[in-house]
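Down below is the structure, laid out as structure tokens.
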2 protein chains.
Amino acid sequence: MSVDQTAVRSNPTQGKLIVVAPGLAVPGFTLRFEANDEIFVEDEPAEFIHKVVFGAVRTTHLLSDGHRQIGGFHLPGDVFGLEYGKNHRFSAEAIVPCEVAFVARRALERIAERDGDAARQLWALTSRELANLQDHMLTLGRRNAAERVGAFLLKLSRHAASATVELPMSRGDIGDHLGLTLETVSRTLGQFARDKVIALPSARRVVLRDTTALAAA
Amino acid sequence: MSVDQTAVRSNPTQGKLIVVAPGLAVPGFTLRFEANDEIFVEDEPAEFIHKVVFGAVRTTHLLSDGHRQIGGFHLPGDVFGLEYGKNHRFSAEAIVPCEVAFVARRALERIAERDGDAARQLWALTSRELANLQDHMLTLGRRNAAERVGAFLLKLSRHAASATVELPMSRGDIGDHLGLTLETVSRTLGQFARDKVIALPSARRVVLRDTTALAAA
DNA sequence: CGAGCGTTTGAACAGCGTCAAAACAAGTGG
DNA sequence: CCACTTGTTTTGACGCTGTTCAAACGCTCG
């Protein structure tokens, strides 16, 4: 995907100042995406780093056997697509209609060369991502379905700072993130609801009732 | 663990120049550890970063339910224990008798403040670790026992640049790394040997015979 | 109102975990 | 040099959890 093409069809906003990290605002622009649009593609040169303005984004990796691993979900305020190497290691797709900020990597690197503080912020972003992934590895390593889904809901709830959580992603997306099938995700949520650990006013809305039970699950 | 205590009992070598990354040599020292010695402990302040001189190290994380996740194995030349945050997020233990280099983080940070190239090297190290973990996540996500063990053997073989691989770690260590039980690891290796995909001259030595089959497994 | 996708639910199956015991290797002390 | 101990690896039998395949259900949006 070339950004110029996207720009034409998506009516971009140019010349914005994007806050990549606290105290690191860099010129960039924003684009709109519809659900399931590709924002960038695996193995493509990583020209930009991104930040979700509104909406929700998933980063995905397609395996040779057709299976899909979702590396993570990105919600408003989250930075994604920051690479050290030349190319992207995952693809990124809009889950719902989104606005996504673009900051040119070269611009960022030019700033980091002169400004040690900016360079440290980039390192911090990569490091935070590493820490998130380490936590996720613990989930994937040795937890059963209930523990995985419970931890997932708690994380979303913490991010939203609310007991009510909107799920922009499908059961299949959640499954591909947690290493479960969509059926198992659905069954686990159903069981939580029957046990009054959560309420499910609709398929895409969860109210956490007993966070202790979710953590222990 | 305080380093002074360790120094006393382990006869340290002081004042060495440790090559943390290509073109980044920093004063430090080395210590010896016996099998199962702790090198650093989770949640402890991360005062040093480390490099394996010889031997093998595992980084571990203990879960509340008693399960253990092994984040990774570190062989001669590998850097480990590099944190951005204040504390270590994993523990590190010697698997076999080891020599491990210590470089004070403060010394490293002082260099990075003045030298943008050094700062970038630290970012590169964290980023490489992130890439490794992303690969590992794919393994833990949706692969069966044979695929996991196969990928693990291939990775060791690539690192050693040899079809014959020494396994310093136990079946249990491998299992806690791959999200399997030690019995499943043992059975999978046994099946590979029966299928002539590998040879097992001894429990801790593997000869890769059919790498294609291992990758496809 | 109907079409299409996402979700739920069911039933049968399989892979891996659990528990248990035996085989094996390596080190220790007699 | 052998008997004994201790820890690791292998092997077996069984059960459970999650997958697979299939069908019904219910939103949402033409």
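Chain labels follow the order of the structure tokens: the first chain is A, the next B, and so on; residue numbering restarts at 1 in every chain, and ligands are counted from 1 in their shown order.
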Query - Distance query B:Asp115 at most 12 Å, only C-alpha atoms (C1' of nucleotides), self and fewer than 4 positions along chain excluded, as a ChimeraX atom specification - result: /A:112-116,119 /B:23-24,108-111,119-122
Distance table requested - chain C against chain B, cut-off 9 Å, only C-alpha atoms (C1' of nucleotides): one row per qualifying residue with the closest atom pair and its distance in Å to one decimal, ordered by chain and rising residue number, as a tab-separated table.
```
residue	atom	partner	partner_atom	distance
C:DG15	C1'	B:Asn144	CA	8.4
C:DC16	C1'	B:Thr184	CA	7.3
C:DG17	C1'	B:Thr181	CA	7.2
```
Selection export as a PDB file, in the first residue's frame, atoms kept: C-alpha atoms (C1' of nucleotides):
```
ATOM      1  C1'  DG C  15      -3.990 -34.234  21.436  1.00  0.00           C
ATOM      2  C1'  DC C  16      -1.812 -33.243  25.365  1.00  0.00           C
ATOM      3  C1'  DG C  17      -1.697 -33.357  30.478  1.00  0.00           C
TER       4       DG C  17
END
```
Query raised in the report: Which of these, D:DG18, D:DC29, D:DT10, D:DA23, has the shortest distance to chain A once you count only C-alpha atoms (C1' of nucleotides)?
Result: D:DG18
Query raised in the report: Any idea which chain D residues end up within 10 Å of chain B if we count only C-alpha atoms (C1' of nucleotides), as a list of chain:residue names please?
Result: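 Per the criterion, chain D yields D:DT8, D:DT9, D:DT10, D:DT11.
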Limited to N, CA and C atoms (P, O5', C5', C4', C3', O3' and C1' of nucleotides), could you put the picked residues into a file as a short mmCIF file (atom, residue, chain, number, x, y, z; two decimals), in the first residue's frame?
```
data_model
loop_
_atom_site.label_atom_id
_atom_site.label_comp_id
_atom_site.auth_asym_id
_atom_site.auth_seq_id
_atom_site.Cartn_x
_atom_site.Cartn_y
_atom_site.Cartn_z
P DT D 8 16.97 -33.07 37.96
"O5'" DT D 8 16.95 -33.91 36.60
"C5'" DT D 8 18.18 -34.26 35.99
"C4'" DT D 8 17.92 -35.32 34.95
"C3'" DT D 8 16.80 -34.97 33.97
"O3'" DT D 8 17.34 -35.00 32.67
"C1'" DT D 8 16.58 -37.19 34.80
P DT D 9 16.53 -34.63 31.36
"O5'" DT D 9 16.01 -36.05 30.83
"C5'" DT D 9 16.95 -37.04 30.50
"C4'" DT D 9 16.23 -38.33 30.20
"C3'" DT D 9 15.11 -38.20 29.17
"O3'" DT D 9 15.43 -39.02 28.06
"C1'" DT D 9 14.43 -39.49 31.05
P DT D 10 14.52 -39.08 26.78
"O5'" DT D 10 13.65 -40.38 27.04
"C5'" DT D 10 14.29 -41.61 27.29
"C4'" DT D 10 13.29 -42.65 27.75
"C3'" DT D 10 12.09 -42.86 26.82
"O3'" DT D 10 12.11 -44.20 26.36
"C1'" DT D 10 11.43 -42.74 29.10
P DT D 11 11.26 -44.66 25.11
"O5'" DT D 11 9.95 -45.27 25.80
"C5'" DT D 11 10.10 -46.26 26.79
"C4'" DT D 11 8.79 -46.45 27.53
"C3'" DT D 11 7.53 -46.45 26.65
"O3'" DT D 11 7.01 -47.76 26.63
"C1'" DT D 11 7.22 -45.29 28.71
#
```
Report task. Pick out the chain A residues within 7 Å of chain B. Count only C-alpha atoms. Give them as an MDAnalysis selection string. Result -> chainID A and resid 69 84 113 116 123:124 126:127 130 137:138 140:142 179
Query - Backbone-only DSSP, helix (DSSP H, G or I) members of stretch 7-147 of chain B, as a ChimeraX atom specification - result: /B:7-10,105-114,116-142,145-147
Among stretch 44-125 of chain B, which ones does DSSP place in strand (DSSP E), written as a JSON list (two decimals) with C-alpha atoms, in the first residue's frame?
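After the write, states-v4.json holds the following:
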```json
[["chain", "number", "residue", "atom", "x", "y", "z"],
["B", 48, "PHE", "CA", 23.80, -4.74, 35.45],
["B", 49, "ILE", "CA", 23.35, -6.08, 31.99],
["B", 50, "HIS", "CA", 24.90, -9.43, 31.21],
["B", 51, "LYS", "CA", 26.53, -11.45, 28.53],
["B", 52, "VAL", "CA", 27.24, -15.17, 28.48],
["B", 53, "VAL", "CA", 30.96, -15.91, 28.15],
["B", 54, "PHE", "CA", 30.53, -19.68, 28.33],
["B", 57, "VAL", "CA", 21.52, -19.38, 31.10],
["B", 58, "ARG", "CA", 17.74, -19.46, 31.35],
["B", 59, "THR", "CA", 15.46, -16.51, 32.14],
["B", 60, "THR", "CA", 12.43, -17.61, 34.13],
["B", 61, "HIS", "CA", 9.20, -16.24, 35.48],
["B", 62, "LEU", "CA", 7.27, -17.92, 38.28],
["B", 68, "ARG", "CA", 7.17, -21.70, 35.45],
["B", 69, "GLN", "CA", 7.62, -19.94, 32.13],
["B", 70, "ILE", "CA", 11.09, -19.87, 30.64],
["B", 71, "GLY", "CA", 11.39, -16.73, 28.54],
["B", 72, "GLY", "CA", 14.49, -17.84, 26.73],
["B", 73, "PHE", "CA", 17.83, -19.62, 26.77],
["B", 74, "HIS", "CA", 21.07, -17.67, 26.44],
["B", 79, "VAL", "CA", 23.30, -10.49, 25.93],
["B", 80, "PHE", "CA", 20.55, -10.79, 28.55],
["B", 91, "SER", "CA", 14.97, -14.14, 36.96],
["B", 92, "ALA", "CA", 18.12, -15.57, 35.40],
["B", 93, "GLU", "CA", 19.72, -18.86, 36.41],
["B", 94, "ALA", "CA", 22.75, -20.79, 35.26],
["B", 98, "CYS", "CA", 28.86, -20.61, 33.48],
["B", 99, "GLU", "CA", 30.95, -17.53, 33.14],
["B", 100, "VAL", "CA", 28.84, -14.40, 32.85],
["B", 101, "ALA", "CA", 29.95, -10.82, 32.15],
["B", 102, "PHE", "CA", 28.55, -7.91, 34.17],
["B", 103, "VAL", "CA", 28.35, -4.35, 32.86],
["B", 104, "ALA", "CA", 26.97, -1.62, 35.11]]
```
